[in-house]
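Asks: Handing over input09.txt, compact mmCIF, C-alpha atoms.
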```txt
# COMPACT_ATOMS: atom_id res chain seq x y z
CA MET A 21 157.08 88.42 124.71
CA THR A 22 153.98 89.44 126.57
CA VAL A 23 150.84 87.62 125.58
CA GLY A 24 147.76 89.76 126.01
CA ARG A 25 144.54 88.35 127.40
CA LEU A 26 142.31 87.15 124.60
CA ARG A 27 139.07 89.11 124.37
CA PRO A 28 135.99 87.18 123.29
CA HIS A 29 134.16 88.40 120.24
CA ALA A 30 131.28 90.66 121.17
CA VAL A 31 127.97 88.96 120.65
CA THR A 32 125.62 91.22 118.76
CA LYS A 33 121.92 90.59 118.83
CA PRO A 34 119.79 90.48 115.67
CA PRO A 35 117.83 93.64 114.80
CA LEU A 36 114.68 94.24 116.84
CA VAL A 37 111.43 94.88 114.99
CA LEU A 38 108.66 96.42 117.09
CA ILE A 39 105.12 96.08 115.71
CA VAL A 40 102.26 98.21 117.00
CA VAL A 41 98.65 97.18 116.35
CA GLN A 42 95.50 98.58 117.96
CA ASN A 43 92.69 96.86 116.08
CA LEU A 44 92.90 93.31 117.48
CA PRO A 45 94.93 91.44 120.11
CA LEU A 46 97.71 89.18 118.90
CA PRO A 47 97.87 86.47 117.79
CA GLY A 48 94.20 87.02 116.85
CA ASP A 49 94.99 89.43 114.00
CA ARG A 50 95.89 86.85 111.33
CA ARG A 51 97.73 89.24 109.01
CA VAL A 52 99.90 90.79 111.69
CA TRP A 53 100.66 87.44 113.29
CA LEU A 54 101.80 86.02 109.94
CA GLU A 55 104.08 89.07 109.63
CA CYS A 56 105.49 88.44 113.12
CA GLN A 57 106.19 84.81 112.25
CA ALA A 58 107.83 85.77 108.95
CA LEU A 59 110.20 88.19 110.70
CA ARG A 60 110.94 85.69 113.46
CA ASP A 61 111.72 82.93 110.96
CA ALA A 62 113.97 85.30 109.01
CA GLY A 63 116.09 85.75 112.15
CA HIS A 64 114.89 89.07 113.52
CA ARG A 65 113.93 89.68 117.12
CA VAL A 66 110.25 90.60 117.20
CA ALA A 67 108.17 92.42 119.82
CA ALA A 68 104.59 93.59 119.44
CA ILE A 69 102.31 95.93 121.37
CA THR A 70 98.58 95.19 121.25
CA PRO A 71 95.43 95.54 123.35
CA LYS A 72 94.68 92.65 125.70
CA GLY A 73 92.16 90.00 124.83
CA LYS A 74 90.05 88.28 127.44
CA ASN A 75 92.29 86.61 130.07
CA ASP A 76 95.47 87.66 128.24
CA PRO A 77 98.58 88.34 130.35
CA ARG A 78 100.27 91.72 130.18
CA TYR A 79 103.38 90.08 128.77
CA GLU A 80 104.15 86.72 127.20
CA LEU A 81 106.76 85.20 124.95
CA HIS A 82 104.46 83.51 122.44
CA GLU A 83 106.11 81.27 119.84
CA GLY A 84 109.26 83.37 119.93
CA VAL A 85 107.49 86.75 119.73
CA HIS A 86 107.44 89.12 122.72
CA LEU A 87 103.85 90.31 123.23
CA TYR A 88 103.21 93.37 125.41
CA LYS A 89 99.55 94.18 126.05
CA TYR A 90 97.49 96.95 127.62
CA ALA A 91 93.91 96.90 128.89
CA PRO A 92 91.65 98.04 126.03
CA PRO A 93 89.36 101.04 126.42
CA ARG A 94 85.65 100.52 126.83
CA PRO A 95 83.61 100.18 123.60
CA THR A 96 82.82 103.58 122.12
CA SER A 97 80.22 105.22 119.94
CA GLY A 98 80.25 108.71 118.48
CA PHE A 99 83.16 110.75 117.15
CA VAL A 100 84.32 112.29 120.45
CA SER A 101 84.54 108.90 122.13
CA TYR A 102 86.53 107.55 119.18
CA VAL A 103 89.01 110.40 119.62
CA TRP A 104 89.36 109.47 123.29
CA GLU A 105 89.95 105.83 122.34
CA PHE A 106 92.80 106.84 120.02
CA VAL A 107 94.39 109.08 122.67
CA TYR A 108 94.12 106.38 125.34
CA CYS A 109 95.60 103.67 123.12
CA TRP A 110 98.40 105.97 121.93
CA LEU A 111 99.47 106.77 125.49
CA ALA A 112 99.22 103.12 126.55
CA THR A 113 101.33 102.15 123.53
CA LEU A 114 103.95 104.82 124.29
CA ARG A 115 104.31 103.48 127.81
CA LEU A 116 104.89 99.97 126.48
CA VAL A 117 107.35 101.23 123.86
CA MET A 118 109.46 102.51 126.76
CA THR A 119 109.15 99.11 128.45
CA VAL A 120 110.26 97.29 125.31
CA MET A 121 113.28 99.58 124.94
CA ARG A 122 114.33 99.05 128.56
CA ARG A 123 114.17 95.28 128.16
CA HIS A 124 115.31 94.74 124.58
CA GLY A 125 117.06 97.90 123.42
CA ARG A 126 116.38 100.26 120.56
CA PRO A 127 114.13 98.88 117.79
CA ALA A 128 115.72 98.94 114.36
CA VAL A 129 112.24 99.26 112.85
CA LEU A 130 108.90 100.39 114.21
CA GLN A 131 105.99 98.98 112.17
CA ALA A 132 102.62 100.62 112.80
CA CYS A 133 99.46 98.90 111.61
CA ASN A 134 96.46 101.18 111.23
CA PRO A 135 93.81 102.17 112.20
CA PRO A 136 94.42 104.72 113.64
CA ASP A 137 96.83 106.96 111.72
CA THR A 138 98.43 108.39 114.87
CA PHE A 139 101.44 106.16 115.45
CA TRP A 140 103.61 108.21 113.08
CA LEU A 141 104.34 110.35 116.14
CA LEU A 142 106.05 107.36 117.74
CA GLY A 143 108.09 106.99 114.57
CA LEU A 144 109.23 110.60 114.86
CA LEU A 145 110.13 110.19 118.53
CA LEU A 146 112.31 107.16 117.76
CA ARG A 147 113.87 108.50 114.56
CA PRO A 148 116.76 110.32 116.31
CA LEU A 149 117.77 106.92 117.72
CA GLY A 150 118.09 105.51 114.21
CA THR A 151 114.77 103.63 114.17
CA ARG A 152 113.13 103.24 110.77
CA PHE A 153 109.35 103.61 110.45
CA VAL A 154 107.18 101.24 108.38
CA PHE A 155 103.49 101.97 107.84
CA ASP A 156 101.39 98.82 107.27
CA GLN A 157 98.14 100.34 105.97
CA HIS A 158 95.16 98.09 106.67
CA ASP A 159 92.41 100.71 106.26
CA LEU A 160 91.77 104.08 104.66
CA CYS A 161 90.82 105.99 107.81
CA PRO A 162 89.15 108.97 106.07
CA GLU A 163 86.91 106.54 104.16
CA VAL A 164 86.23 104.58 107.36
CA TYR A 165 84.90 107.79 108.93
CA GLU A 166 82.82 108.63 105.86
CA SER A 167 81.35 105.11 105.78
CA ARG A 168 80.55 105.07 109.50
CA PHE A 169 79.05 108.53 109.83
CA GLY A 170 77.79 109.23 106.31
CA ARG A 171 79.50 112.60 105.99
CA ARG A 172 82.88 114.29 105.56
CA GLY A 173 83.43 117.72 107.11
CA ALA A 174 86.20 118.74 109.52
CA PRO A 175 86.84 115.26 111.04
CA TYR A 176 87.32 113.83 107.54
CA ARG A 177 89.82 116.56 106.71
CA ALA A 178 91.63 115.94 110.01
CA LEU A 179 91.93 112.25 109.16
CA LEU A 180 93.33 113.15 105.74
CA ALA A 181 95.96 115.29 107.49
CA LEU A 182 96.90 112.40 109.81
CA GLU A 183 97.13 110.06 106.83
CA ARG A 184 99.43 112.49 104.99
CA ALA A 185 101.62 112.82 108.08
CA THR A 186 101.87 109.03 108.32
CA TYR A 187 102.82 108.69 104.66
CA ARG A 188 105.46 111.40 104.89
CA SER A 189 106.97 110.00 108.10
CA ALA A 190 107.27 106.44 106.80
CA HIS A 191 110.47 105.12 105.31
CA GLN A 192 108.35 102.43 103.63
CA VAL A 193 104.60 101.88 103.21
CA ILE A 194 103.01 98.43 102.93
CA ALA A 195 99.66 98.41 101.10
CA THR A 196 97.21 95.52 101.19
CA ASN A 197 96.25 95.82 97.51
CA GLU A 198 96.83 97.86 94.35
CA SER A 199 93.93 100.21 95.18
CA TYR A 200 95.55 101.17 98.48
CA LYS A 201 98.90 101.57 96.73
CA SER A 202 97.22 103.98 94.32
CA VAL A 203 95.98 106.04 97.27
CA ALA A 204 99.49 106.15 98.73
CA THR A 205 101.06 107.30 95.45
CA ARG A 206 98.24 109.66 94.45
CA ARG A 207 96.89 111.11 97.68
CA GLY A 208 100.07 110.56 99.67
CA ARG A 209 102.30 111.64 96.77
CA LEU A 210 104.76 108.85 97.47
CA PRO A 211 107.06 107.43 94.80
CA GLU A 212 106.26 103.82 93.89
CA SER A 213 109.65 102.78 95.26
CA ARG A 214 108.40 103.52 98.79
CA VAL A 215 105.19 101.46 98.51
CA THR A 216 105.07 97.66 98.51
CA VAL A 217 101.90 95.61 98.01
CA VAL A 218 101.59 92.72 100.48
CA ARG A 219 98.17 91.12 100.23
CA THR A 220 96.56 89.50 103.26
CA GLY A 221 96.88 85.98 101.93
CA PRO A 222 95.46 83.07 103.94
CA ASP A 223 97.81 80.51 105.42
CA THR A 224 96.26 77.53 103.63
CA SER A 225 98.39 75.08 105.59
CA VAL A 226 96.18 76.02 108.56
CA LEU A 227 93.01 77.32 106.92
CA ARG A 228 91.61 74.24 105.22
CA ARG A 229 88.38 72.31 105.21
CA ARG A 230 87.73 69.71 107.93
CA GLU A 231 85.12 67.02 108.24
CA PRO A 232 81.69 68.70 108.46
CA ARG A 233 79.76 68.63 111.73
CA PRO A 234 76.12 67.71 111.00
CA ALA A 235 75.03 68.90 114.47
CA LEU A 236 75.66 72.48 113.32
CA LEU A 237 72.78 72.15 110.85
CA ARG A 238 70.29 72.17 113.75
CA GLY A 239 68.05 69.77 111.85
CA ARG A 240 68.13 71.78 108.60
CA ASP A 241 69.47 70.72 105.22
CA TYR A 242 72.00 73.54 104.74
CA LEU A 243 74.23 75.83 106.77
CA VAL A 244 75.21 79.33 105.59
CA HIS A 245 78.11 81.09 107.31
CA PHE A 246 79.27 84.64 108.07
CA HIS A 247 82.14 85.83 110.25
CA GLY A 248 83.76 89.20 110.65
CA VAL A 249 83.70 92.58 112.30
CA MET A 250 80.28 94.06 112.98
CA GLY A 251 80.57 97.79 112.34
CA PRO A 252 78.28 100.21 110.50
CA GLN A 253 80.14 99.70 107.21
CA ASP A 254 80.28 95.89 107.34
CA GLY A 255 76.77 95.09 106.14
CA VAL A 256 75.76 92.64 108.86
CA ASP A 257 72.35 94.33 109.03
CA ILE A 258 71.98 93.33 105.38
CA VAL A 259 72.63 89.70 106.39
CA LEU A 260 69.82 89.85 108.93
CA GLU A 261 67.42 91.52 106.51
CA ALA A 262 68.35 88.97 103.85
CA ILE A 263 67.64 86.10 106.27
CA ARG A 264 64.20 87.58 106.91
CA GLU A 265 63.58 87.84 103.16
CA PHE A 266 64.91 84.32 102.65
CA VAL A 267 62.45 82.94 105.21
CA LEU A 268 59.63 84.94 103.59
CA LEU A 269 60.42 83.08 100.36
CA GLY A 270 59.19 79.98 102.18
CA ARG A 271 62.69 78.60 102.87
CA ALA A 272 62.87 76.74 106.17
CA ASP A 273 65.67 74.39 105.05
CA THR A 274 68.67 76.58 105.96
CA PHE A 275 70.36 77.65 109.19
CA PHE A 276 72.70 80.65 109.51
CA ASN A 277 75.82 81.07 111.65
CA VAL A 278 76.64 84.77 112.08
CA MET A 279 79.90 84.97 114.05
CA GLY A 280 81.90 87.93 115.28
CA THR A 281 81.43 91.10 117.25
CA GLY A 282 81.86 94.85 117.03
CA ASP A 283 80.25 98.19 117.78
CA GLU A 284 77.00 97.19 116.09
CA TYR A 285 76.58 93.81 117.79
CA PRO A 286 74.04 94.91 120.47
CA ARG A 287 71.84 96.64 117.89
CA LEU A 288 72.09 93.73 115.49
CA ARG A 289 71.14 91.28 118.22
CA LYS A 290 67.94 93.27 118.77
CA LEU A 291 67.19 93.13 115.04
CA VAL A 292 67.20 89.33 115.20
CA THR A 293 64.25 89.49 117.58
CA GLU A 294 62.58 92.32 115.68
CA PHE A 295 62.79 90.36 112.40
CA ASP A 296 61.51 87.17 114.12
CA ILE A 297 64.39 85.05 112.82
CA GLU A 298 65.61 83.59 116.14
CA ASP A 299 64.86 80.04 114.96
CA PHE A 300 67.10 80.40 111.92
CA ILE A 301 70.26 81.99 113.28
CA PHE A 302 73.12 81.39 115.74
CA MET A 303 74.83 84.66 116.69
CA PRO A 304 77.34 83.90 119.47
CA GLY A 305 79.72 86.86 119.17
CA ARG A 306 83.45 86.10 118.90
CA VAL A 307 84.26 82.39 118.79
CA SER A 308 87.36 80.20 118.90
CA ASP A 309 89.19 79.19 115.74
CA ASP A 310 87.97 75.62 116.20
CA ASP A 311 84.33 76.74 116.20
CA LEU A 312 84.97 79.03 113.26
CA PHE A 313 86.70 76.32 111.22
CA ASP A 314 83.97 73.77 112.00
CA SER A 315 81.30 76.21 110.82
CA MET A 316 83.08 76.98 107.54
CA SER A 317 83.69 73.27 106.97
CA THR A 318 80.00 72.49 107.33
CA ALA A 319 78.52 75.45 105.46
CA VAL A 320 77.62 75.51 101.76
CA VAL A 321 77.91 79.31 101.23
CA GLY A 322 79.92 82.10 102.89
CA LEU A 323 78.39 85.57 103.11
CA CYS A 324 80.27 88.77 102.16
CA PRO A 325 77.62 91.47 102.70
CA ASP A 326 79.95 94.50 102.61
CA PRO A 327 77.89 97.13 100.77
CA PRO A 328 79.30 99.31 97.98
CA GLY A 329 80.91 102.50 99.25
CA PRO A 330 84.12 104.57 99.22
CA LEU A 331 85.87 102.21 101.65
CA ASN A 332 84.53 98.78 100.73
CA ASP A 333 84.99 99.24 96.98
CA VAL A 334 88.78 99.38 97.34
CA SER A 335 89.33 97.17 100.41
CA THR A 336 90.36 93.53 100.52
CA MET A 337 88.02 91.48 102.72
CA ASN A 338 89.92 88.84 104.67
CA LYS A 339 86.84 86.68 105.15
CA THR A 340 86.47 86.32 101.37
CA MET A 341 89.87 84.63 101.06
CA GLU A 342 89.25 82.54 104.17
CA TYR A 343 86.05 81.24 102.58
CA MET A 344 88.04 80.35 99.48
CA ALA A 345 90.61 78.44 101.55
CA PHE A 346 87.75 76.44 103.09
CA GLU A 347 86.26 75.62 99.66
CA LEU A 348 83.26 77.79 100.44
CA PRO A 349 81.53 79.72 97.61
CA ALA A 350 81.08 83.38 98.50
CA LEU A 351 78.04 85.59 98.00
CA ALA A 352 79.10 89.23 97.61
CA PHE A 353 78.17 92.57 96.18
CA ASP A 354 80.11 93.66 93.12
CA LEU A 355 83.12 95.44 94.65
CA LYS A 356 86.36 96.10 92.76
CA GLU A 357 88.81 94.44 95.16
CA THR A 358 86.41 91.59 96.03
CA ARG A 359 86.48 90.63 92.35
CA VAL A 360 90.28 90.84 92.38
CA SER A 361 90.41 88.44 95.35
CA ALA A 362 87.60 86.01 94.58
CA GLY A 363 87.31 86.02 90.81
CA GLU A 364 84.82 83.34 89.75
CA SER A 365 84.63 81.75 93.19
CA ALA A 366 82.03 84.34 94.25
CA GLU A 367 78.50 85.08 93.09
CA TYR A 368 78.00 88.85 92.70
CA VAL A 369 74.63 90.30 93.68
CA GLU A 370 72.98 93.19 91.86
CA PRO A 371 71.30 95.39 92.89
CA ALA A 372 72.85 95.78 96.37
CA THR A 373 69.66 95.09 98.32
CA PRO A 374 68.69 92.49 100.96
CA GLN A 375 65.95 91.22 98.65
CA ALA A 376 68.37 90.56 95.79
CA TYR A 377 70.85 89.03 98.24
CA ALA A 378 68.23 86.58 99.57
CA ALA A 379 67.02 85.63 96.08
CA THR A 380 70.55 85.01 94.80
CA LEU A 381 71.37 82.96 97.91
CA ALA A 382 68.33 80.74 97.30
CA LYS A 383 69.39 80.12 93.69
CA LEU A 384 72.96 79.30 94.73
CA ILE A 385 71.86 76.86 97.43
CA ASP A 386 69.67 75.08 94.88
CA ASP A 387 72.54 74.68 92.38
CA PRO A 388 75.04 72.21 93.89
CA SER A 389 77.02 71.84 90.67
CA ARG A 390 77.57 75.60 90.50
CA ARG A 391 78.62 75.64 94.15
CA GLY A 392 81.03 72.79 93.57
CA GLU A 393 82.74 74.56 90.66
CA MET A 394 83.01 77.81 92.65
CA ALA A 395 84.54 75.91 95.57
CA ARG A 396 87.09 74.26 93.30
CA LEU A 397 88.11 77.53 91.69
CA GLY A 398 88.29 79.29 95.05
CA VAL A 399 90.52 76.83 96.86
CA GLN A 400 92.81 76.55 93.83
CA ARG A 401 93.23 80.31 93.69
CA ALA A 402 93.72 80.56 97.47
CA ARG A 403 96.47 77.92 97.48
CA GLU A 404 98.29 78.82 94.29
CA GLN A 405 97.98 82.62 94.05
CA LEU A 406 96.80 84.18 97.33
CA ASP A 407 98.49 82.02 99.98
CA TRP A 408 100.68 83.89 102.46
CA ARG A 409 103.76 82.07 101.22
CA THR A 410 103.37 84.01 97.93
CA GLN A 411 103.18 87.32 99.83
CA ARG A 412 105.89 86.64 102.41
CA PRO A 413 108.87 87.44 100.12
CA ALA A 414 107.44 90.89 99.33
CA TYR A 415 106.95 91.58 103.01
CA LEU A 416 110.47 90.53 103.96
CA SER A 417 111.92 92.54 101.07
CA VAL A 418 110.77 95.71 102.86
CA TYR A 419 112.94 94.78 105.84
CA SER A 420 115.94 93.56 103.88
CA GLY A 421 115.92 96.91 102.10
CA LEU A 422 115.83 98.84 105.39
CA ILE A 423 118.02 96.83 107.76
CA GLY A 424 119.37 93.89 105.78
CA PRO A 425 118.51 90.21 106.16
CA GLY A 426 117.90 88.67 109.56
CA ARG A 427 120.02 85.98 111.16
CA LYS A 428 118.33 82.66 110.73
CA GLY A 429 118.39 80.40 113.73
CA SER A 430 118.68 83.30 116.16
CA ARG A 431 115.81 84.15 118.54
CA SER A 432 117.69 85.93 121.29
CA ALA A 433 115.82 88.29 123.62
```
Kindly return the structure encoded in the file as structure tokens.

Replies:
Amino acid sequence: MTVGRLRPHAVTKPPLVLIVVQNLPLPGDRRVWLECQALRDAGHRVAAITPKGKNDPRYELHEGVHLYKYAPPRPTSGFVSYVWEFVYCWLATLRLVMTVMRRHGRPAVLQACNPPDTFWLLGLLLRPLGTRFVFDQHDLCPEVYESRFGRRGAPYRALLALERATYRSAHQVIATNESYKSVATRRGRLPESRVTVVRTGPDTSVLRRREPRPALLRGRDYLVHFHGVMGPQDGVDIVLEAIREFVLLGRADTFFNVMGTGDEYPRLRKLVTEFDIEDFIFMPGRVSDDDLFDSMSTAVVGLCPDPPGPLNDVSTMNKTMEYMAFELPALAFDLKETRVSAGESAEYVEPATPQAYAATLAKLIDDPSRRGEMARLGVQRAREQLDWRTQRPAYLSVYSGLIGPGRKGSRSA
């Protein structure tokens, strides 16, 4: 009897998920990084393509996730320059998609996080290879344009067309809230079975209050905090106007940390001087997580100045939930999805003016019992209802439906 040579079982690698994000470098985008970690922990191989942050390498294996990065374009202003930014980033991303495929093989799923709504073309290019396309919708790009430029017209209609193409190309759509899901089913004409709501819940095991740092008060009695993107639709100019109005009320007892950066940062920095509020504000641009967490742990109120509008009314503001996780009462305008997130842990300002914002802030600072109750309600809601662990199963269900469960314990390249 001839005994044949035993052949070892072929070792198959877990499915590869490739995530594309243009808005922020990873791991700085908290939502996308939590998604990467969830997929990794479920046993999938995970690679991501993002712009580079300052001093970032072009490639790194970071906590089990392969990060491929390209040099970001220069900051832009005006519609034509925004179009160029999208073209540049799309081509840079395509080049890195080819790199990922050479090194790791065909992705089972391509997940594109918007803005912009242009990565559906990558999904179409990979579809003949069997790659599924998931659209993780972070913004409504037509409404972003309308909010930034104050008009609609041909660019708005073009963005609607790109959004429709993205919806139709996607095997599954992930929406950040019920309002965005409604847009996908109504404007995108998708069946509910193809849209899953995954809220951007805070990871409250990491985002939690520390010991306050009295030095951050700069000799004042109170610290008020803001952090976030500084674009035309984000209302940071309202913060600066409200600080001026607050000071004109005779309040010299409060200092303001205004942290973050964006297209509007240079103009906003000039407004600080124009409003003569230099002695009341620290505006350092983007800061480390440690500095951010120290500021939120020392502050008594967190500012959510996003003004009412077609985008902000239906968008979930990440900073609102981060304030809640840090037991920080929020001061916001009355927006639909902000109420859904914050409930009674926020004070809602009407009318939506800097004067009303400043007056309401003064009343809130002077009412410590009210602030304490808002903080209690906020952190309870953040930990029990909004925490990422409550959203993670919905997110992973999208992938189990497309490619099956991952292989826990496996992190092969």

Asks: For CA of Glu342 in chain A and CA of Asp156 in chain A, quote the distance in Å rounded to one decimal.

Replies: 20.5 Å

Asks: Of the residues A:Leu351, A:Leu268, A:Ala174, A:Val259, which is the one nearest to Leu288 in chain A, using all atoms listed in the file?

Replies: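 Among A:Leu351, A:Leu268, A:Ala174, A:Val259, it is A:Val259 that comes nearest to Leu288 in chain A.
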
Asks: Give me the residues within 12 Å of range 384-387 of chain A as a list in words, counting all atoms listed in the file and dropping any in the same chain fewer than 6 places off.

Replies: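 Selected residues are Asp241, Tyr242, Leu243, Val244, Phe266, Arg271, Asp273, Thr274, Phe275, Ala319, Val320, Val321, Gly322, Leu323, Leu348, Pro349, Ala350, Leu351, Ala366, Glu367, Tyr368, Val369, Tyr377, Ala378, Glu393 and Met394 of chain A.
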
Asks: For each of A:Val256, A:Lys383, A:Leu145, A:Asp326, take the minimum atom-to-atom distance to Val292 in chain A, counting only C-alpha atoms, then give the residue where this is smallest.

Replies: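 Checking each candidate against Val292 in chain A, we get A:Val256 as the closest.
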
Asks: Counting all atoms listed in the file, write as a list in words all protein and nucleic acid residues lying at most 6 Å from (84.0, 69.9, 105.8) in the file's frame.

Replies: Arg229, Arg230, Glu231, Pro232, Ser317 and Thr318 of chain A

Asks: Please provide as a ChimeraX atom specification all residues within 9 Å of range 111-124 of chain A, with the sequence filter that same-chain residues fewer than 4 positions apart are discarded (counting all atoms listed in the file).

Replies: /A:36,38,40,42,67-71,88-91,106-107,142,433

Asks: For the selection you just gave me, I'd like the residues written to a file as a CSV table (one decimal), in the coordinates of the input, keeping C-alpha atoms.

Replies:
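File written: part.csv
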```
chain,number,residue,atom,x,y,z
A,36,LEU,CA,114.7,94.2,116.8
A,38,LEU,CA,108.7,96.4,117.1
A,40,VAL,CA,102.3,98.2,117.0
A,42,GLN,CA,95.5,98.6,118.0
A,67,ALA,CA,108.2,92.4,119.8
A,68,ALA,CA,104.6,93.6,119.4
A,69,ILE,CA,102.3,95.9,121.4
A,70,THR,CA,98.6,95.2,121.2
A,71,PRO,CA,95.4,95.5,123.4
A,88,TYR,CA,103.2,93.4,125.4
A,89,LYS,CA,99.6,94.2,126.0
A,90,TYR,CA,97.5,97.0,127.6
A,91,ALA,CA,93.9,96.9,128.9
A,106,PHE,CA,92.8,106.8,120.0
A,107,VAL,CA,94.4,109.1,122.7
A,142,LEU,CA,106.0,107.4,117.7
A,433,ALA,CA,115.8,88.3,123.6
```

Asks: Could you tell me which of A:Thr205, A:Ser308, A:Ser167, A:Thr186 comes closest to Leu144 in chain A if we count all atoms listed in the file?

Replies: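 Smallest separation from Leu144 in chain A among the options: A:Thr186.
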
Asks: For each of A:Glu347, A:Glu198, A:Asp299, A:Glu284, take the minimum atom-to-atom distance to Gly239 in chain A, counting all atoms listed in the file, then give the residue where this is smallest.

Replies: A:Asp299

Asks: One decimal, Å: what's the distance from CA of Gln253 in chain A over to CA of Cys161 in chain A, could you say?

Replies: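 Atom-to-atom, CA of Gln253 in chain A to CA of Cys161 in chain A, that is 12.4 Å.
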
Asks: Nearest residue to Cys133 in chain A out of A:Leu422, A:Leu81, A:Val52, A:Leu59, using only C-alpha atoms?

Replies: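 For Cys133 in chain A, the nearest of the candidates is A:Val52.
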
Asks: Report the distance between CA of Ala362 in chain A and CA of Gln157 in chain A in Å, rounded to one decimal place.

Replies: 21.1 Å

Asks: I'd like to know which of A:Ala262, A:Leu406, A:Ala204, A:Cys324 is closest to Phe246 in chain A, using only C-alpha atoms.

Replies: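 Closest candidate: A:Cys324.
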
Asks: Give, as JSON, the centre coordinates and the x, y and z edge lengths in Å to one decimal for an axis-aligned box around all listed atoms of range 279-290 of chain A, padded by 6 Å on each side.

Replies:
```
{"center_x": 74.9, "center_y": 91.6, "center_z": 117.3, "size_x": 26.0, "size_y": 25.2, "size_z": 18.4}
```

Asks: Residues within 10 Å of Val193 in chain A, please, as an MDAnalysis selection string. Count all atoms listed in the file; anything in the same chain fewer than 2 positions from it doesn't count.

Replies: chainID A and resid 131:132 153:157 186:191 195:196 201 204 210 212:217 418
